[in-house]
Structure formats: C-alpha cells, structure tokens
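Enquirer: The structure file start_7.tsv (TSV, C-alpha atoms and all ligand atoms) is provided below.
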```tsv
chain	number	residue	atom	x	y	z
A	54	MET	CA	20.29	5.23	-14.64
A	55	ALA	CA	17.31	5.29	-12.30
A	56	PRO	CA	14.12	6.63	-13.82
A	57	ALA	CA	12.91	10.08	-12.79
A	58	GLY	CA	10.60	10.19	-9.83
A	59	GLY	CA	12.16	7.24	-8.06
A	60	SER	CA	8.80	5.49	-7.96
A	61	ARG	CA	9.88	2.36	-9.81
A	62	ALA	CA	11.66	1.04	-6.74
A	63	LYS	CA	8.40	1.11	-4.79
A	64	LYS	CA	5.82	-1.62	-4.99
A	65	GLY	CA	2.93	-0.60	-7.22
A	66	ILE	CA	-0.63	-0.22	-6.05
A	67	LEU	CA	-1.85	-3.56	-7.42
A	68	GLU	CA	1.18	-5.40	-6.12
A	69	ARG	CA	0.39	-4.00	-2.67
A	70	LEU	CA	-3.33	-4.81	-2.80
A	71	ASP	CA	-2.81	-8.24	-4.37
A	72	GLY	CA	-0.41	-8.97	-1.51
A	73	GLY	CA	-3.14	-8.14	1.01
A	74	GLU	CA	-1.65	-4.85	2.20
A	75	VAL	CA	-3.85	-2.05	3.51
A	76	VAL	CA	-3.36	1.12	1.49
A	77	VAL	CA	-4.30	4.46	3.02
A	78	GLY	CA	-5.19	7.46	0.87
A	79	ASP	CA	-4.83	11.13	1.65
A	80	GLY	CA	-7.91	13.16	0.88
A	81	GLY	CA	-10.26	15.92	1.79
A	82	PHE	CA	-7.94	18.56	0.35
A	83	LEU	CA	-10.70	20.88	-0.82
A	84	LEU	CA	-12.37	21.36	2.56
A	85	CYS	CA	-9.07	21.33	4.46
A	86	LEU	CA	-7.71	24.11	2.27
A	87	GLU	CA	-10.99	26.03	2.15
A	88	LYS	CA	-10.95	26.25	5.94
A	89	ARG	CA	-7.33	27.40	5.82
A	90	GLY	CA	-8.16	30.15	3.30
A	91	TYR	CA	-6.72	28.73	0.08
A	92	VAL	CA	-9.76	27.39	-1.79
A	93	LYS	CA	-13.07	29.04	-2.59
A	94	ALA	CA	-16.28	27.07	-2.06
A	95	GLY	CA	-18.57	26.84	-5.07
A	96	LEU	CA	-16.66	25.67	-8.10
A	97	TRP	CA	-14.05	24.10	-5.74
A	98	THR	CA	-11.13	24.36	-8.16
A	99	PRO	CA	-7.55	23.77	-6.97
A	100	GLU	CA	-5.64	26.85	-8.13
A	101	ALA	CA	-3.98	26.80	-4.68
A	102	VAL	CA	-1.56	24.35	-6.30
A	103	VAL	CA	0.09	27.24	-8.16
A	104	GLU	CA	-0.99	30.16	-5.96
A	105	HIS	CA	0.06	28.64	-2.62
A	106	PRO	CA	2.08	25.50	-3.34
A	107	GLU	CA	3.50	25.58	0.19
A	108	ALA	CA	-0.02	25.08	1.60
A	109	VAL	CA	-0.72	22.09	-0.63
A	110	ARG	CA	2.72	20.61	0.04
A	111	GLN	CA	2.27	20.97	3.80
A	112	LEU	CA	-1.06	19.16	3.68
A	113	HIS	CA	0.50	16.26	1.73
A	114	VAL	CA	3.28	16.19	4.35
A	115	GLU	CA	0.77	16.02	7.18
A	116	PHE	CA	-1.18	13.21	5.54
A	117	LEU	CA	2.07	11.31	4.87
A	118	ARG	CA	3.11	11.72	8.52
A	119	ALA	CA	-0.36	10.52	9.51
A	120	GLY	CA	0.17	7.26	7.66
A	121	ALA	CA	-1.20	7.82	4.14
A	122	ASN	CA	0.75	5.97	1.47
A	123	VAL	CA	-1.12	7.34	-1.52
A	124	MET	CA	-0.66	11.00	-2.36
A	125	GLN	CA	-3.47	12.01	-4.67
A	126	THR	CA	-2.72	14.90	-7.01
A	127	PHE	CA	-4.77	17.92	-6.00
A	128	THR	CA	-6.45	18.13	-9.40
A	129	PHE	CA	-10.14	17.93	-8.51
A	130	SER	CA	-12.14	19.73	-11.20
A	131	ALA	CA	-8.86	20.94	-12.74
A	132	ASN	CA	-9.96	20.42	-16.32
A	133	GLU	CA	-9.94	22.80	-19.24
A	134	ASP	CA	-13.67	23.46	-18.92
A	135	ASN	CA	-13.48	24.65	-15.30
A	136	MET	CA	-10.08	26.34	-15.27
A	137	GLU	CA	-9.53	27.54	-18.86
A	138	SER	CA	-5.86	28.27	-19.60
A	139	LYS	CA	-4.74	27.58	-16.03
A	140	TRP	CA	-5.66	23.89	-16.11
A	141	GLU	CA	-2.37	22.56	-17.50
A	142	ALA	CA	-0.04	24.36	-15.10
A	143	VAL	CA	-2.23	23.30	-12.17
A	144	ASN	CA	-2.20	19.63	-13.15
A	145	ALA	CA	1.57	19.63	-13.74
A	146	ALA	CA	2.37	21.40	-10.47
A	147	ALA	CA	-0.03	19.13	-8.53
A	148	CYS	CA	1.86	16.08	-9.83
A	149	ASP	CA	5.22	17.60	-8.83
A	150	LEU	CA	3.99	18.42	-5.30
A	151	ALA	CA	2.50	14.96	-4.75
A	152	ARG	CA	5.67	13.28	-6.07
A	153	GLU	CA	7.98	15.41	-3.98
A	154	VAL	CA	6.18	14.44	-0.77
A	155	ALA	CA	5.49	10.82	-1.76
A	156	ASP	CA	9.20	10.27	-2.29
A	157	ARG	CA	9.91	11.25	1.30
A	158	GLY	CA	8.25	7.94	2.22
A	159	GLU	CA	6.92	4.76	0.64
A	160	ALA	CA	3.93	6.56	-0.83
A	161	LEU	CA	2.60	6.33	-4.36
A	162	VAL	CA	1.24	9.16	-6.50
A	163	ALA	CA	-2.27	8.84	-7.91
A	164	GLY	CA	-3.41	11.18	-10.66
A	165	GLY	CA	-7.01	12.15	-9.99
A	166	ILE	CA	-9.85	13.19	-12.26
A	167	CYS	CA	-13.50	13.72	-11.38
A	168	GLN	CA	-16.88	14.25	-12.99
A	169	THR	CA	-17.29	17.25	-15.29
A	170	SER	CA	-19.81	20.02	-14.88
A	171	ILE	CA	-20.88	19.68	-18.53
A	172	TYR	CA	-22.22	16.10	-18.32
A	173	LYS	CA	-25.48	17.29	-16.80
A	174	ARG	CA	-26.01	19.86	-19.56
A	175	HIS	CA	-25.15	17.66	-22.52
A	176	LYS	CA	-23.79	14.15	-22.69
A	177	ASP	CA	-21.19	14.91	-25.31
A	178	GLU	CA	-19.04	11.80	-24.86
A	179	ALA	CA	-16.25	12.95	-27.17
A	180	ARG	CA	-15.93	16.36	-25.54
A	181	ILE	CA	-15.97	14.95	-22.00
A	182	LYS	CA	-13.46	12.23	-22.86
A	183	ARG	CA	-11.19	14.88	-24.35
A	184	LEU	CA	-11.21	16.76	-21.02
A	185	PHE	CA	-10.19	13.55	-19.23
A	186	GLN	CA	-7.55	12.82	-21.86
A	187	LEU	CA	-5.92	16.24	-21.45
A	188	GLN	CA	-5.48	15.70	-17.71
A	189	LEU	CA	-4.27	12.15	-18.33
A	190	ASP	CA	-1.61	13.42	-20.77
A	191	VAL	CA	-0.12	15.49	-17.96
A	192	PHE	CA	-0.27	12.56	-15.52
A	193	ILE	CA	1.57	10.35	-18.01
A	194	ARG	CA	4.20	13.00	-18.67
A	195	LYS	CA	4.72	13.29	-14.90
A	196	ASN	CA	4.77	9.49	-14.53
A	197	VAL	CA	2.18	9.13	-11.76
A	198	ASP	CA	1.98	5.60	-10.33
A	199	PHE	CA	-1.71	4.98	-10.92
A	200	LEU	CA	-4.95	6.80	-11.64
A	201	ILE	CA	-8.14	7.55	-9.75
A	202	ALA	CA	-11.44	8.53	-11.35
A	203	GLU	CA	-13.43	9.82	-8.38
A	204	TYR	CA	-16.59	11.63	-7.45
A	205	PHE	CA	-18.90	10.49	-10.23
A	206	GLU	CA	-22.64	10.62	-9.59
A	207	TYR	CA	-23.48	9.05	-12.95
A	208	VAL	CA	-21.99	5.70	-13.82
A	209	GLU	CA	-22.11	6.45	-17.55
A	210	GLU	CA	-19.65	9.30	-17.13
A	211	ALA	CA	-17.51	7.24	-14.72
A	212	VAL	CA	-17.25	4.50	-17.35
A	213	TRP	CA	-16.09	7.08	-19.91
A	214	ALA	CA	-13.41	8.18	-17.46
A	215	VAL	CA	-12.21	4.63	-16.88
A	216	GLU	CA	-12.16	3.96	-20.63
A	217	VAL	CA	-9.87	6.95	-21.15
A	218	LEU	CA	-7.59	6.26	-18.17
A	219	LYS	CA	-7.10	2.55	-18.83
A	220	GLU	CA	-5.60	3.33	-22.25
A	221	SER	CA	-2.53	4.55	-20.38
A	222	GLY	CA	-1.78	1.02	-19.17
A	223	LYS	CA	-1.58	2.26	-15.56
A	224	PRO	CA	-3.85	0.75	-12.89
A	225	VAL	CA	-7.19	2.54	-12.59
A	226	ALA	CA	-9.29	3.05	-9.45
A	227	ALA	CA	-12.84	4.35	-9.83
A	228	THR	CA	-14.99	5.69	-7.02
A	229	MET	CA	-18.49	7.06	-7.27
A	230	CYS	CA	-20.09	9.57	-4.92
A	231	ILE	CA	-23.24	7.50	-4.59
A	232	GLY	CA	-25.15	5.99	-1.68
A	233	PRO	CA	-27.11	2.75	-1.35
A	234	GLU	CA	-29.83	4.13	-3.67
A	235	GLY	CA	-27.40	4.16	-6.58
A	236	ASP	CA	-26.44	6.73	-9.18
A	237	MET	CA	-28.50	9.76	-10.19
A	238	HIS	CA	-30.05	7.84	-13.08
A	239	GLY	CA	-31.16	5.11	-10.67
A	240	VAL	CA	-28.48	2.57	-11.59
A	241	ALA	CA	-28.04	0.33	-8.52
A	242	PRO	CA	-24.61	0.21	-6.84
A	243	GLY	CA	-24.09	-3.44	-7.80
A	244	ASP	CA	-24.72	-2.62	-11.46
A	245	CYS	CA	-22.39	0.41	-11.26
A	246	ALA	CA	-19.67	-1.91	-9.92
A	247	VAL	CA	-20.09	-4.33	-12.81
A	248	LYS	CA	-19.93	-1.53	-15.39
A	249	LEU	CA	-16.79	-0.01	-13.86
A	250	VAL	CA	-14.92	-3.31	-13.70
A	251	LYS	CA	-15.97	-4.27	-17.22
A	252	ALA	CA	-14.69	-0.87	-18.39
A	253	GLY	CA	-11.27	-1.68	-16.93
A	254	ALA	CA	-11.11	-0.49	-13.30
A	255	SER	CA	-9.08	-2.75	-10.99
A	256	ILE	CA	-10.13	-0.94	-7.82
A	257	ILE	CA	-13.67	0.32	-7.24
A	258	GLY	CA	-15.51	2.01	-4.42
A	259	VAL	CA	-17.13	5.19	-3.22
A	260	ASN	CA	-15.88	8.57	-2.10
A	261	CYS	CA	-17.39	11.73	-0.62
A	262	ARG	CA	-21.09	12.70	-0.27
A	263	PHE	CA	-21.94	10.19	2.52
A	264	GLY	CA	-20.75	9.47	6.03
A	265	PRO	CA	-18.68	6.48	7.13
A	266	GLU	CA	-21.54	4.08	7.87
A	267	THR	CA	-23.48	4.79	4.68
A	268	SER	CA	-20.35	4.66	2.54
A	269	LEU	CA	-19.53	1.21	3.88
A	270	LYS	CA	-23.09	0.06	3.19
A	271	THR	CA	-22.71	1.16	-0.41
A	272	VAL	CA	-19.34	-0.57	-0.78
A	273	ALA	CA	-20.96	-3.80	0.44
A	274	LEU	CA	-23.54	-3.43	-2.34
A	275	LEU	CA	-20.77	-2.89	-4.91
A	276	ARG	CA	-19.01	-6.02	-3.66
A	277	ASP	CA	-22.22	-8.07	-3.81
A	278	GLY	CA	-22.86	-6.88	-7.37
A	279	LEU	CA	-19.41	-8.05	-8.45
A	280	GLN	CA	-19.81	-11.39	-6.71
A	281	LYS	CA	-23.13	-12.02	-8.44
A	282	ALA	CA	-21.56	-11.21	-11.79
A	283	GLY	CA	-18.52	-13.38	-11.09
A	284	LEU	CA	-16.17	-10.38	-11.32
A	285	LYS	CA	-13.30	-9.37	-9.07
A	286	ALA	CA	-11.82	-6.03	-8.05
A	287	HIS	CA	-10.16	-4.47	-5.04
A	288	LEU	CA	-12.47	-2.36	-2.86
A	289	MET	CA	-11.88	1.23	-1.86
A	290	VAL	CA	-13.63	3.70	0.43
A	291	GLN	CA	-12.99	7.41	0.98
A	292	SER	CA	-15.94	8.50	3.09
A	293	LEU	CA	-16.81	11.94	4.39
A	294	GLY	CA	-15.39	12.83	7.78
A	295	PHE	CA	-18.92	13.90	8.81
A	296	HIS	CA	-21.85	11.98	10.20
A	297	MET	CA	-24.67	12.07	7.65
A	298	PRO	CA	-27.40	9.58	8.60
A	299	ASP	CA	-30.06	12.08	7.48
A	300	CYS	CA	-28.92	12.86	3.95
A	301	GLY	CA	-30.96	11.71	0.98
A	302	LYS	CA	-29.94	10.20	-2.31
A	303	GLY	CA	-27.76	13.17	-3.28
A	304	GLY	CA	-25.69	13.08	-0.12
A	305	PHE	CA	-24.40	15.90	2.07
A	306	VAL	CA	-24.55	18.65	-0.56
A	307	ASP	CA	-28.36	18.68	-0.21
A	308	LEU	CA	-28.33	19.27	3.55
A	309	PRO	CA	-28.88	22.86	4.73
A	310	GLU	CA	-25.53	22.89	6.60
A	311	TYR	CA	-23.49	22.30	3.42
A	312	PRO	CA	-20.83	23.60	3.10
A	313	PHE	CA	-20.31	26.19	5.87
A	314	GLY	CA	-22.14	24.75	8.89
A	315	LEU	CA	-20.98	21.15	8.98
A	316	GLU	CA	-18.66	21.31	11.99
A	317	PRO	CA	-21.05	19.76	14.56
A	318	ARG	CA	-21.10	16.64	12.39
A	319	VAL	CA	-17.34	16.04	12.32
A	320	ALA	CA	-16.38	12.46	13.16
A	321	THR	CA	-14.06	11.95	16.12
A	322	ARG	CA	-10.82	10.03	15.72
A	323	TRP	CA	-12.52	7.14	17.53
A	324	ASP	CA	-15.39	7.11	15.03
A	325	ILE	CA	-12.79	6.84	12.29
A	326	GLN	CA	-10.98	3.98	14.01
A	327	LYS	CA	-14.30	2.13	13.98
A	328	TYR	CA	-14.79	3.01	10.29
A	329	ALA	CA	-11.32	1.68	9.46
A	330	ARG	CA	-11.94	-1.57	11.33
A	331	ASP	CA	-15.39	-2.06	9.77
A	332	ALA	CA	-13.98	-1.36	6.31
A	333	TYR	CA	-11.18	-3.84	6.85
A	334	ASN	CA	-13.60	-6.48	8.13
A	335	GLN	CA	-15.73	-6.21	5.01
A	336	GLY	CA	-12.74	-6.70	2.75
A	337	VAL	CA	-11.87	-3.11	1.84
A	338	ARG	CA	-8.10	-2.62	1.56
A	339	PHE	CA	-7.83	0.89	0.11
A	340	ILE	CA	-9.13	3.08	2.91
A	341	GLY	CA	-9.03	6.85	3.10
A	342	GLY	CA	-11.21	9.88	3.48
A	343	CYS	CA	-12.75	12.77	1.62
A	344	CYS	CA	-14.34	16.07	2.71
A	345	GLY	CA	-14.20	16.61	6.47
A	346	PHE	CA	-11.13	14.41	6.88
A	347	GLU	CA	-8.12	16.08	8.43
A	348	PRO	CA	-4.73	14.44	8.87
A	349	TYR	CA	-5.60	13.24	12.39
A	350	HIS	CA	-8.45	11.19	10.94
A	351	ILE	CA	-6.00	9.48	8.61
A	352	ARG	CA	-3.76	8.85	11.61
A	353	ALA	CA	-6.73	7.15	13.29
A	354	ILE	CA	-7.00	4.75	10.32
A	355	ALA	CA	-3.27	4.10	10.48
A	356	GLU	CA	-3.39	3.44	14.23
A	357	GLU	CA	-6.41	1.14	14.03
A	358	LEU	CA	-4.81	-0.89	11.26
A	359	ALA	CA	-1.24	-0.75	12.59
A	360	PRO	CA	-1.33	-4.47	13.53
A	361	GLU	CA	-2.25	-5.38	9.94
A	362	ARG	CA	0.13	-2.87	8.33
A	363	GLY	CA	2.98	-3.62	10.68
A	364	PHE	CA	3.83	-0.04	11.55
A	365	LEU	CA	2.61	3.12	13.23
A	366	PRO	CA	2.90	6.41	11.36
A	367	PRO	CA	5.37	9.13	12.43
A	368	ALA	CA	2.49	11.32	13.69
A	369	SER	CA	1.70	8.67	16.31
A	370	GLU	CA	4.83	9.74	18.16
A	371	LYS	CA	2.59	12.56	19.41
A	372	HIS	CA	-0.47	10.42	20.05
A	373	GLY	CA	-0.84	7.60	22.52
A	374	SER	CA	-3.02	4.78	21.34
A	375	TRP	CA	-6.52	4.97	22.91
A	376	GLY	CA	-5.64	7.94	25.09
A	377	SER	CA	-2.41	6.65	26.61
A	378	GLY	CA	-0.39	9.73	27.44
A	379	LEU	CA	-3.31	11.14	29.39
A	380	ASP	CA	-2.03	9.00	32.26
A	381	MET	CA	0.62	11.71	32.63
A	382	HIS	CA	-2.00	14.39	33.27
A	383	THR	CA	-2.03	16.18	36.61
A	384	LYS	CA	-5.78	15.73	37.21
A	385	PRO	CA	-6.85	12.24	38.29
A	386	TRP	CA	-10.22	12.28	36.48
A	387	ILE	CA	-8.37	13.01	33.24
A	388	ARG	CA	-5.78	10.32	33.98
A	389	ALA	CA	-8.78	7.97	34.26
A	390	ARG	CA	-9.52	8.61	30.56
A	391	ALA	CA	-6.33	6.88	29.42
A	392	ARG	CA	-8.10	3.72	28.34
A	393	ARG	CA	-9.80	2.28	25.32
A	394	GLU	CA	-13.21	1.55	26.92
A	395	TYR	CA	-13.55	5.21	27.85
A	396	TRP	CA	-13.12	6.61	24.32
A	397	GLU	CA	-14.80	3.71	22.60
A	398	ASN	CA	-18.01	4.19	24.60
A	399	LEU	CA	-18.08	7.96	24.92
A	400	LEU	CA	-21.18	9.69	23.51
A	401	PRO	CA	-19.71	13.13	22.80
A	402	ALA	CA	-21.96	16.11	23.48
A	403	THR	CA	-22.33	18.77	20.78
A	404	GLY	CA	-22.63	21.69	23.21
A	405	ARG	CA	-25.61	22.98	21.20
A	406	PRO	CA	-28.76	22.49	23.29
A	407	PHE	CA	-31.01	24.32	20.80
A	408	CYS	CA	-29.87	22.40	17.72
A	409	PRO	CA	-31.67	19.40	16.24
A	410	SER	CA	-29.50	16.31	15.88
A	411	LEU	CA	-30.75	15.72	12.32
A	412	SER	CA	-31.95	17.93	9.49
A	413	LYS	CA	-33.78	17.53	6.20
A	414	PRO	CA	-32.27	17.62	2.71
A	415	ASP	CA	-33.31	20.65	0.65
A	416	ALA	CA	-33.44	18.80	-2.63
A	501	ZN	ZN	-15.38	15.07	-0.71
```
As structure tokens, how would this structure be written, given the file I've shared?

Expert:
Amino acid sequence: MAPAGGSRAKKGILERLDGGEVVVGDGGFLLCLEKRGYVKAGLWTPEAVVEHPEAVRQLHVEFLRAGANVMQTFTFSANEDNMESKWEAVNAAACDLAREVADRGEALVAGGICQTSIYKRHKDEARIKRLFQLQLDVFIRKNVDFLIAEYFEYVEEAVWAVEVLKESGKPVAATMCIGPEGDMHGVAPGDCAVKLVKAGASIIGVNCRFGPETSLKTVALLRDGLQKAGLKAHLMVQSLGFHMPDCGKGGFVDLPEYPFGLEPRVATRWDIQKYARDAYNQGVRFIGGCCGFEPYHIRAIAEELAPERGFLPPASEKHGSWGSGLDMHTKPWIRARARREYWENLLPATGRPFCPSLSKPDA
C-alpha cells in the first residue's frame, strides 16, 4: 500500500539539489495574508491556518501555479510560547494544507520553524529546544518531506534549531535573517555558515530582512566561509520582495516604513528575474522569497529559470515572457513595449515627487 501523503513517489529535496535542479520556494505568507486581512502585524502568528484555511490554501495554490515546488508550512512563530494552546492545531492544520496543495503538483512540503521570542530574554537552551521539538513532533507525525529553520538573527539559536531538527533524520535547511555584517552578536556570515553545516544543515542561506542584492551578497559570504573551511552545502536564498539598500545591520524592520509603508519599495517582476539569474549564477539552487513576495514574483523566478528547469509554470499561460502579449494591444506605443530590452532597462517612477528615495534606520 502506498504511504499516506503520496510524497514518497516524488524526488526528495536533496536528490533534486544534488542532481543540479533549481528548487523554488513559496514564501512571504505573513505579509501577503496581512494585506488580505487574515494576519495581524506585531506578533505575526499564523492562526489564519485554522481561522481561514481557505485563504492559506489559496495562497499555496497561487504559489504552486507560479512555479514553486516547495510548499512551506505556514507555521512561522507557531510555537507554544507565542500561541499557547492553539499551537498544536495550527501546526497540524498547516501541514495538511501544504500537503494537500503540494500533491496537486510535484511540490514538496517543508516544515518550518523560526527563532523564538524568548532567546533575547534568556538563553535557556533546554526550553528553546523543547519549543522546536514540539513543532518537529507534529511535522514528523504529518510526514513532511524536509525541514527549514528560518529567520534566525543569532547563529547560536539557529544551531540549536538545526540540532533538534536533524535528529528526525529528514534533510534540514537553515536560513538566517542576517546581512553582510553578520548575526546580532557579530558572528560573521562565513562563520555562521560553518556552524550551521557542522550542526547538520545540508542547505544553508538567508531569508527575509534584506533586499535581493544584499541577500545575495550575504549568501556569497556564506559560500566563501564554507569553501575556506572545506565544507559543502547547498545554497538557498529567500530575499525580501522590497528594495532595501538603506537598511542597517538589523534589516528592514528598523526602517521607518516597516511594516505599513513599504509599498514604494516593492520589486518589479523584472527585478526579480534579475535576482533569480544572479542567484543562479552564484551557485544558489534553492531560490524563493520572503516578505513582499507575491505569487507573481515567484512566477518571475520560474520564468527566468525556465530554460534550466525545463518548464514554465501554469501561471505563465497568462503572462507572455518579457512583455509578449502586449503586441496585441490596440495602442502602438504600448505594442512597442513587447520586448525584453524595454522592461530590462526601464527605470520605474515611484509617482511620489515629495518622497526621498532612501531613509534612515531608527535603530
Ligand atoms: Zn520575511
């Protein structure tokens, strides 16, 4: 009899990455659902999973159609400390939703945990590891395909997460929300990379907090750190969908526009095609997005890397590559935009003549 979940017939994450495939993650659920009215900014917990499962399911569906082949459980901050008695039902339902949608395609399910809010108050390793373990127990029961420890600003806590997750025997990815300056204790990215791989992560990278360019700079530093130490791991990037050249060490949360005034900074689909190509060229094979990413950004990754992946996603049926489709427009000056050079070289206006183009971090 086939095992429940149907995932065993699919190639696993490491098999895909070892074979040189490009894997595309879904992501950015918190901000997507906040804008749609299902998540409250602040603690950013995912009770929408049980309160509005149809909203979470639909977002997974849109990311799958856009070309994502990893469905990450919407379990950010869904630990016992943040969600009290609700945590278990939320984690279980998030796994079911991700699995249901993943099985409509070739997608894998990744169980996700993130940094705790108690680490900063007291570094109680046993208590923090227990929070990770409780979420992991649900992921194992629901037979997720692999695990992601994401959004860690301190490598010490990230290492604890990896140590817990790797005990399951499933592949572990670990991403930190750090920039080129390193973690909040001043540990350099290259040293973070070494610690994560030594702890048992097979895939490492960064997510959130920084824009596409900065995130790729940080990943290059992770890669260099591994090379120097003679270690190997697959590389992963899930950048913000916002341009953030002006943020400091703490990333976008310190900018005055966070979290309700970020729209002028949103990356265009063409910016994200460039991000996908740059990531690929520097050896990153697990490419996705975090806050600010919407499904059409993921489609841009899938379209840019369609030659390497060998397919276009279903959502591309409604999107001509590099503006093709506009050649059907009635106005000739718009028909003239149906070409790559036009979109690739466009400097889009913000429409805000009284706004500065950059701001200063508060912290
Ligand atoms: Zn994020």

Enquirer: Given only C-alpha atoms as the basis, pick out the residue of A:Val250, A:Val162, A:Leu83, A:Ile257 nearest to Arg338 in chain A.

Expert: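 Selected residue with least distance to Arg338 in chain A: A:Ile257.
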
Enquirer: Provide the CA of Arg393 in chain A to CA of Glu357 in chain A distance in Å, to one decimal place.

Expert: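 Between CA of Arg393 in chain A and CA of Glu357 in chain A the gap works out to 11.8 Å.
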
Enquirer: How many Å lie between CA of Gly378 in chain A and CA of Ala391 in chain A, rounded to one decimal?

Expert: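 Separation between CA of Gly378 in chain A and CA of Ala391 in chain A: 6.9 Å.
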
Enquirer: At a cut-off of 12 Å from (-19.4, 7.1, -16.6) in the coordinates of the file, what residues are picked up using all atoms listed in the file, written as a PyMOL selection string?

Expert: chain A and resi 167-169+172-173+176-178+181-182+185+202-218+227-230+236-238+240+245-246+248-254

Enquirer: Just want the residues within 9 Å of ligand ZN 501 (chain A), written as JSON, numbers by chain, counting all atoms listed in the file.

Expert: {"A": [80, 81, 82, 83, 84, 204, 230, 260, 261, 262, 263, 291, 292, 293, 294, 342, 343, 344, 345, 346]}

Enquirer: So how far away is CA of Asp149 in chain A from CA of Asp190 in chain A, in Å?

Expert: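 Separation of CA of Asp190 in chain A and CA of Asp149 in chain A: 14.4 Å.
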
Enquirer: With N, CA and C atoms as the goal, would you fill in the gaps in range 72-88 of chain A and present it as a CSV table (one decimal), in the coordinates of the input?

Expert:
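Below is the file out_26.csv, written as the result:
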```csv
chain,number,residue,atom,x,y,z
A,72,GLY,N,-1.1,-8.3,-2.6
A,72,GLY,CA,-0.4,-9.0,-1.5
A,72,GLY,C,-1.1,-8.8,-0.2
A,73,GLY,N,-2.3,-8.2,-0.2
A,73,GLY,CA,-3.1,-8.1,1.0
A,73,GLY,C,-2.8,-6.9,1.9
A,74,GLU,N,-2.0,-6.0,1.4
A,74,GLU,CA,-1.6,-4.8,2.2
A,74,GLU,C,-2.8,-3.9,2.3
A,75,VAL,N,-2.9,-3.1,3.4
A,75,VAL,CA,-3.8,-2.0,3.5
A,75,VAL,C,-3.2,-0.8,3.0
A,76,VAL,N,-3.9,-0.1,2.1
A,76,VAL,CA,-3.4,1.1,1.5
A,76,VAL,C,-4.2,2.3,2.0
A,77,VAL,N,-3.6,3.3,2.4
A,77,VAL,CA,-4.3,4.5,3.0
A,77,VAL,C,-4.1,5.7,2.2
A,78,GLY,N,-5.2,6.3,1.7
A,78,GLY,CA,-5.2,7.5,0.9
A,78,GLY,C,-5.2,8.8,1.7
A,79,ASP,N,-4.6,9.8,1.1
A,79,ASP,CA,-4.8,11.1,1.6
A,79,ASP,C,-6.1,11.7,1.0
A,80,GLY,N,-6.7,12.7,1.5
A,80,GLY,CA,-7.9,13.2,0.9
A,80,GLY,C,-8.5,14.3,1.7
A,81,GLY,N,-9.6,14.8,1.1
A,81,GLY,CA,-10.3,15.9,1.8
A,81,GLY,C,-9.6,17.3,1.6
A,82,PHE,N,-8.7,17.3,0.6
A,82,PHE,CA,-7.9,18.6,0.4
A,82,PHE,C,-8.8,19.8,0.2
A,83,LEU,N,-9.9,19.7,-0.5
A,83,LEU,CA,-10.7,20.9,-0.8
A,83,LEU,C,-11.2,21.5,0.5
A,84,LEU,N,-11.8,20.8,1.3
A,84,LEU,CA,-12.4,21.4,2.6
A,84,LEU,C,-11.3,21.8,3.5
A,85,CYS,N,-10.2,20.9,3.6
A,85,CYS,CA,-9.1,21.3,4.5
A,85,CYS,C,-8.5,22.7,4.0
A,86,LEU,N,-8.3,22.9,2.7
A,86,LEU,CA,-7.7,24.1,2.3
A,86,LEU,C,-8.7,25.3,2.2
A,87,GLU,N,-10.0,25.0,2.1
A,87,GLU,CA,-11.0,26.0,2.2
A,87,GLU,C,-11.0,26.6,3.6
A,88,LYS,N,-10.9,25.8,4.6
A,88,LYS,CA,-11.0,26.2,5.9
A,88,LYS,C,-9.7,27.0,6.3
```
